[in-house]
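Text of my_file23.txt (compact mmCIF, C-alpha atoms) as supplied:
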# COMPACT_ATOMS: atom_id res chain seq x y z
CA MET A 1 -25.12 4.28 -22.02
CA ARG A 2 -23.74 7.68 -21.08
CA LYS A 3 -20.78 9.10 -22.94
CA MET A 4 -17.17 8.46 -22.04
CA ASN A 5 -15.22 11.51 -20.88
CA ILE A 6 -12.13 10.07 -19.27
CA LYS A 7 -9.99 13.19 -19.70
CA ALA A 8 -12.25 15.42 -17.58
CA ALA A 9 -12.84 12.71 -14.97
CA LEU A 10 -9.13 11.90 -14.71
CA HIS A 11 -8.25 15.58 -14.39
CA TYR A 12 -10.67 15.91 -11.47
CA GLN A 13 -9.35 12.80 -9.72
CA LEU A 14 -5.69 13.69 -10.16
CA ALA A 15 -6.35 17.20 -8.84
CA TYR A 16 -7.80 16.00 -5.54
CA MET A 17 -5.19 13.25 -5.23
CA LEU A 18 -2.40 15.82 -5.67
CA GLU A 19 -3.84 18.03 -2.95
CA ALA A 20 -4.42 15.09 -0.59
CA SER A 21 -0.91 13.70 -1.21
CA LEU A 22 0.77 17.04 -0.54
CA TRP A 23 -1.14 17.48 2.72
CA THR A 24 -0.29 13.92 3.80
CA PHE A 25 3.39 14.36 2.99
CA ALA A 26 3.56 17.69 4.81
CA ILE A 27 1.96 16.27 7.96
CA VAL A 28 4.15 13.15 8.00
CA LEU A 29 7.28 15.22 7.35
CA ALA A 30 6.47 17.60 10.20
CA ILE A 31 5.83 14.72 12.62
CA ALA A 32 8.96 12.87 11.45
CA ILE A 33 11.19 15.92 11.95
CA PHE A 34 9.70 16.55 15.39
CA PHE A 35 10.28 12.98 16.60
CA SER A 36 13.70 12.67 14.95
CA ILE A 37 14.83 15.66 17.01
CA LEU A 38 13.51 14.13 20.24
CA PHE A 39 14.61 10.53 19.58
CA PRO A 40 17.37 10.61 16.95
CA VAL A 41 19.05 7.22 17.44
CA ILE A 42 18.29 4.07 19.41
CA ILE A 43 21.08 1.50 19.74
CA THR A 44 20.00 -2.09 20.28
CA THR A 45 22.19 -5.18 20.52
CA PHE A 46 20.86 -8.46 19.14
CA SER A 47 23.71 -10.55 20.52
CA ASP A 48 21.41 -12.58 22.79
CA VAL A 49 18.83 -13.61 20.20
CA ASN A 50 18.93 -16.14 17.41
CA ASP A 51 19.49 -15.41 13.74
CA VAL A 52 15.78 -15.64 12.84
CA VAL A 53 14.80 -12.91 15.32
CA TYR A 54 17.68 -10.80 14.02
CA GLU A 55 16.48 -11.22 10.44
CA VAL A 56 12.92 -10.26 11.39
CA ALA A 57 14.14 -7.16 13.21
CA GLU A 58 16.42 -6.30 10.30
CA ALA A 59 13.55 -6.61 7.82
CA LEU A 60 11.38 -4.21 9.83
CA THR A 61 13.94 -1.47 10.46
CA ILE A 62 16.60 0.68 8.92
CA ASP A 63 19.84 -0.37 10.49
CA VAL A 64 23.58 -0.02 10.19
CA ASN A 65 26.25 -1.90 12.10
CA ASP A 66 28.77 0.06 14.14
CA GLU A 67 32.38 -0.96 14.71
CA ASN A 68 31.38 -3.14 17.67
CA GLY A 69 28.84 -5.15 15.69
CA ASN A 70 25.84 -3.55 17.37
CA THR A 71 22.79 -2.75 15.27
CA VAL A 72 21.94 0.93 15.13
CA ILE A 73 18.20 1.44 14.52
CA ILE A 74 17.35 4.84 13.16
CA SER A 75 14.21 6.65 14.27
CA PHE A 76 12.10 7.22 11.14
CA PHE A 77 8.63 7.49 9.69
CA ASN A 78 7.74 5.18 6.83
CA LEU A 79 5.98 7.26 4.21
CA GLY A 80 5.54 4.12 2.10
CA ALA A 81 3.44 2.50 4.82
CA VAL A 82 1.38 5.68 5.18
CA ALA A 83 0.81 5.77 1.42
CA PHE A 84 -0.11 2.07 1.41
CA VAL A 85 -2.87 2.56 4.00
CA SER A 86 -4.01 5.88 2.51
CA LEU A 87 -4.42 4.49 -1.01
CA PHE A 88 -6.40 1.55 0.35
CA ILE A 89 -8.77 4.02 2.01
CA VAL A 90 -8.96 6.06 -1.20
CA GLY A 91 -9.90 2.91 -3.09
CA ILE A 92 -12.71 2.18 -0.65
CA ALA A 93 -14.10 5.69 -0.28
CA GLY A 94 -13.39 7.23 -3.66
CA ILE A 95 -15.18 4.93 -6.09
CA ARG A 96 -18.69 5.46 -4.68
CA GLU A 97 -18.45 9.25 -4.53
CA ASP A 98 -16.91 9.46 -7.99
CA LEU A 99 -19.55 7.16 -9.46
CA ARG A 100 -22.36 9.30 -8.08
CA LEU A 101 -20.69 12.57 -9.14
CA PHE A 102 -19.78 11.45 -12.65
CA LEU A 103 -23.25 10.06 -13.36
CA GLN A 104 -24.74 13.38 -12.25
CA HIS A 105 -22.53 15.14 -14.80
CA GLY A 106 -23.48 12.91 -17.69
CA MET A 107 -20.53 10.52 -17.54
CA GLY A 108 -21.06 6.76 -17.42
CA ARG A 109 -19.88 3.86 -15.33
CA TYR A 110 -17.19 2.99 -17.85
CA THR A 111 -15.76 6.50 -17.47
CA THR A 112 -15.74 6.08 -13.69
CA PHE A 113 -13.99 2.73 -13.88
CA PHE A 114 -11.32 3.58 -16.46
CA SER A 115 -10.53 7.02 -15.03
CA THR A 116 -10.15 5.45 -11.58
CA LEU A 117 -7.97 2.72 -13.06
CA TRP A 118 -5.69 5.24 -14.79
CA CYS A 119 -5.63 7.48 -11.72
CA SER A 120 -4.59 4.59 -9.47
CA LEU A 121 -1.80 3.59 -11.86
CA ILE A 122 -0.50 7.16 -12.26
CA CYS A 123 -0.60 7.86 -8.52
CA ALA A 124 1.03 4.52 -7.71
CA THR A 125 3.82 5.24 -10.20
CA VAL A 126 4.51 8.78 -9.01
CA ILE A 127 4.23 8.08 -5.27
CA GLY A 128 6.24 4.89 -5.74
CA ALA A 129 9.08 6.82 -7.38
CA PHE A 130 9.04 9.36 -4.57
CA CYS A 131 9.14 6.65 -1.88
CA GLU A 132 12.04 4.90 -3.56
CA LEU A 133 13.85 8.25 -3.79
CA LEU A 134 13.45 8.52 0.00
CA ASN A 135 15.03 5.06 0.31
CA ILE A 136 18.04 6.21 -1.71
CA ILE A 137 18.45 9.26 0.51
CA THR A 138 18.17 7.08 3.63
CA ARG A 139 20.91 4.72 2.41
CA HIS A 140 23.32 7.64 2.16
CA TRP A 141 22.10 9.56 5.21
CA GLU A 142 21.01 7.25 8.04
CA LEU A 143 19.55 10.10 10.12
CA PHE A 144 17.08 11.11 7.42
CA PRO A 145 13.68 10.83 9.17
CA MET A 146 11.61 9.21 6.41
CA GLN A 147 11.78 6.32 3.98
CA GLY A 148 9.60 4.27 1.68
CA LEU A 149 8.76 0.59 1.91
CA ASN A 150 12.00 -1.32 2.24
CA LEU A 151 12.83 -5.03 2.34
CA ASN A 152 16.49 -4.36 3.23
CA THR A 153 17.76 -6.30 0.22
CA ASP A 154 20.18 -5.34 -2.52
CA TYR A 155 18.26 -3.97 -5.48
CA GLY A 156 18.33 -1.02 -7.85
CA PHE A 157 16.09 1.99 -8.19
CA ILE A 158 13.96 0.46 -10.98
CA ALA A 159 13.19 -2.69 -8.96
CA GLY A 160 12.30 -0.62 -5.91
CA TRP A 161 10.13 1.68 -8.02
CA LEU A 162 8.26 -1.26 -9.53
CA PHE A 163 7.94 -2.78 -6.05
CA HIS A 164 6.20 0.34 -4.72
CA THR A 165 4.09 0.85 -7.83
CA ALA A 166 2.77 -2.72 -7.83
CA LEU A 167 1.88 -2.61 -4.12
CA PHE A 168 0.19 0.79 -4.28
CA PHE A 169 -1.77 -0.12 -7.41
CA SER A 170 -2.93 -3.45 -6.02
CA VAL A 171 -4.01 -2.07 -2.64
CA TRP A 172 -6.02 0.71 -4.32
CA GLN A 173 -7.75 -1.83 -6.58
CA LEU A 174 -8.40 -4.12 -3.62
CA GLY A 175 -10.05 -1.26 -1.75
CA THR A 176 -12.17 -0.46 -4.82
CA LEU A 177 -13.23 -4.10 -5.15
CA ILE A 178 -14.25 -4.36 -1.49
CA SER A 179 -16.20 -1.11 -1.76
CA LEU A 180 -18.06 -2.25 -4.88
CA ILE A 181 -18.88 -5.61 -3.33
CA TYR A 182 -20.55 -3.82 -0.43
CA TYR A 183 -22.17 -1.41 -2.88
CA ARG A 184 -23.83 -4.17 -4.88
CA LEU A 185 -24.99 -6.28 -1.92
CA ASN A 186 -28.19 -5.76 0.03
CA ARG A 187 -28.14 -5.30 3.80
CA ILE A 188 -28.18 -9.04 4.57
CA GLY A 189 -25.46 -9.67 2.00
CA GLN A 190 -23.30 -6.94 3.51
CA VAL A 191 -23.62 -8.49 6.96
CA LEU A 192 -22.77 -11.96 5.66
CA PHE A 193 -19.80 -10.62 3.69
CA SER A 194 -18.50 -8.72 6.73
CA VAL A 195 -18.82 -11.81 8.95
CA SER A 196 -17.08 -13.99 6.36
CA LEU A 197 -14.28 -11.48 5.89
CA GLY A 198 -13.82 -11.17 9.65
CA ALA A 199 -13.74 -14.94 10.04
CA ILE A 200 -11.04 -15.23 7.40
CA VAL A 201 -8.90 -12.59 9.10
CA ILE A 202 -9.41 -13.90 12.64
CA PHE A 203 -9.43 -17.66 12.04
CA GLY A 204 -8.44 -18.46 8.46
CA ILE A 205 -5.16 -16.57 8.20
CA PRO A 206 -3.80 -17.70 11.62
CA ASN A 207 -4.60 -21.33 10.76
CA LEU A 208 -2.94 -20.91 7.37
CA PHE A 209 0.27 -19.67 8.95
CA ARG A 210 0.15 -21.95 11.98
CA GLY A 211 2.43 -24.45 10.27
CA TRP A 212 4.98 -21.71 9.67
CA ILE A 213 5.39 -20.74 13.33
CA ASN A 214 8.82 -22.28 13.60
CA ILE A 215 12.33 -21.33 12.61
CA GLU A 216 12.22 -23.07 9.22
CA GLY A 217 8.84 -21.59 8.36
CA ILE A 218 9.83 -18.05 9.34
CA GLU A 219 13.05 -18.33 7.35
CA ALA A 220 11.11 -19.52 4.29
CA MET A 221 8.59 -16.69 4.64
CA ILE A 222 11.33 -14.07 5.01
CA SER A 223 13.09 -15.48 1.95
CA GLY A 224 9.88 -15.24 -0.09
CA ILE A 225 8.92 -11.69 0.80
CA SER A 226 12.52 -10.47 0.53
CA ASP A 227 12.50 -11.15 -3.20
CA HIS A 228 11.27 -8.04 -5.00
CA VAL A 229 10.36 -10.06 -8.10
CA ASN A 230 7.97 -12.28 -6.09
CA VAL A 231 6.29 -9.30 -4.48
CA ILE A 232 6.00 -7.38 -7.76
CA LEU A 233 4.46 -10.33 -9.60
CA PHE A 234 2.05 -11.22 -6.80
CA ALA A 235 0.92 -7.63 -6.28
CA SER A 236 0.54 -7.00 -10.02
CA VAL A 237 -1.59 -10.10 -10.57
CA SER A 238 -3.69 -9.28 -7.49
CA GLY A 239 -4.24 -5.72 -8.72
CA VAL A 240 -5.25 -6.81 -12.22
CA LEU A 241 -7.66 -9.45 -10.90
CA SER A 242 -9.20 -6.93 -8.49
CA ALA A 243 -9.64 -4.47 -11.35
CA ILE A 244 -11.33 -7.09 -13.53
CA PHE A 245 -13.83 -8.02 -10.82
CA SER A 246 -14.43 -4.33 -10.08
CA PHE A 247 -15.27 -3.76 -13.75
CA LEU A 248 -17.80 -6.57 -13.67
CA LEU A 249 -19.41 -5.12 -10.54
CA ILE A 250 -19.56 -1.48 -11.61
CA ARG A 251 -21.18 -2.11 -15.01
CA ARG A 252 -24.64 -2.48 -13.52
CA ALA A 253 -24.16 -0.64 -10.25
CA GLU A 254 -27.17 1.42 -9.29
CA VAL A 255 -26.72 4.86 -7.77
CA LYS A 256 -27.52 4.83 -4.05
CA GLU A 257 -28.00 7.79 -1.79

Here is a file; write its structure as structure tokens.
Amino acid sequence: MRKMNIKAALHYQLAYMLEASLWTFAIVLAIAIFFSILFPVIITTFSDVNDVVYEVAEALTIDVNDENGNTVIISFFNLGAVAFVSLFIVGIAGIREDLRLFLQHGMGRYTTFFSTLWCSLICATVIGAFCELLNIITRHWELFPMQGLNLNTDYGFIAGWLFHTALFFSVWQLGTLISLIYYRLNRIGQVLFSVSLGAIVIFGIPNLFRGWINIEGIEAMISGISDHVNVILFASVSGVLSAIFSFLLIRRAEVKE
């Protein structure tokens, strides 16, 4: 087994994640400022819809109520959503390249796994804190063009920080797990896995939620995802389980060109 050198590997990973994060933030900020100048405020009245539709709209937007009871929806860009998708892509694409590079430089699979694990946790913590800071700014300045992930519920900075950290960590680990599953399968296995995954997304998930397509079901779902504790626990457990399965897969992963 090749030697462990987590410090050097982690330094390399954090360096490219810092550069990528700064570029992403700069691009999103520029776009957000541009669109906030063109479309600063949109005022929409929900007086003709039921309470469930109002709650759904409220959960998906930043809003404040004016003196007439109308909901003011602020034009914004959600950096938290961008980070969520970006870290998922990093989890998928990063593990294979890092595994190949680290093995070429005399570092083993354990180094690759644990450095990636630490990097994902550090990045999730730092980016999560930044996103929650954006939420705090948005609550005091409604015209601020960016925010983090937000469930529009009353919670403190620590809960929001943990909320972001758990989601970012879990989505990175999920991306890593999916990537390693493909990496370990042969061509036929990859095709079967892709078909199965597509079937779950297209048929399984809609059938699972079919019983919830009513007012009571939507209200129950909103109540569940509006609780930060539920989301934090679910995301944390999902991230840990994904990391465990990734460890089992990477131990005997062969290097592929």

A:Phe34, A:Phe114, A:Phe245, A:Phe102: which is nearest Ile6 in chain A, counting only C-alpha atoms?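 Residue with the minimum atom-to-atom distance to Ile6 in chain A: A:Phe114.
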
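Among A:Leu117, A:Leu149, A:Cys123, A:Ile33, the residue with the shortest atom-to-atom distance to Met17 in chain A, counting all atoms listed in the file, is A:Cys123.
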
Write out as a VMD selection string which residues come within 7 Å of Gly148 in chain A when counting all atoms listed in the file, dropping same-chain ones fewer than 6 positions away. chain A and resid 78 to 80 131 to 132 134 to 135

Report, in Å with one decimal, the straight-line distance from CA of Gly91 in chain A to CA of Ala26 in chain A. 21.5 Å

CA of Ser170 in chain A and CA of Ala199 in chain A, how far apart in Å?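 Those two atoms sit 22.5 Å apart.
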
For Phe234 in chain A: contacts at 12 Å, all atoms listed in the file, fewer than 2 positions along chain excluded, given as a PyMOL selection string: chain A and resi 163+166-167+169-171+224-225+227-232+236-241

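We find CA of Arg139 in chain A and CA of Glu19 in chain A to be spaced 28.6 Å apart.
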
Using only C-alpha atoms, which of the listed residues (A:Ser21, A:Asn5, A:Ser242, A:Thr112) sits closest to Leu177 in chain A?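 Closest residue, counting only C-alpha atoms: A:Ser242.
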
For Thr125 in chain A, which of A:Ile27, A:Ile158, A:Ile244, A:Met146 is the closest residue, counting all atoms listed in the file?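 For Thr125 in chain A, the nearest of the candidates is A:Ile158.
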
Selected residue, from A:Ser246, A:Gln190, A:Ser196, A:Gln173, that lies nearest to Ser120 in chain A when counting only C-alpha atoms: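 Comparing A:Ser246, A:Gln190, A:Ser196, A:Gln173 against Ser120 in chain A, the winner is A:Gln173.
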
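With all atoms listed in the file as the basis for measurement, A:Ile127 is the residue among A:Ile127, A:Met107, A:Leu101, A:Ala9 that approaches Thr24 in chain A most closely.
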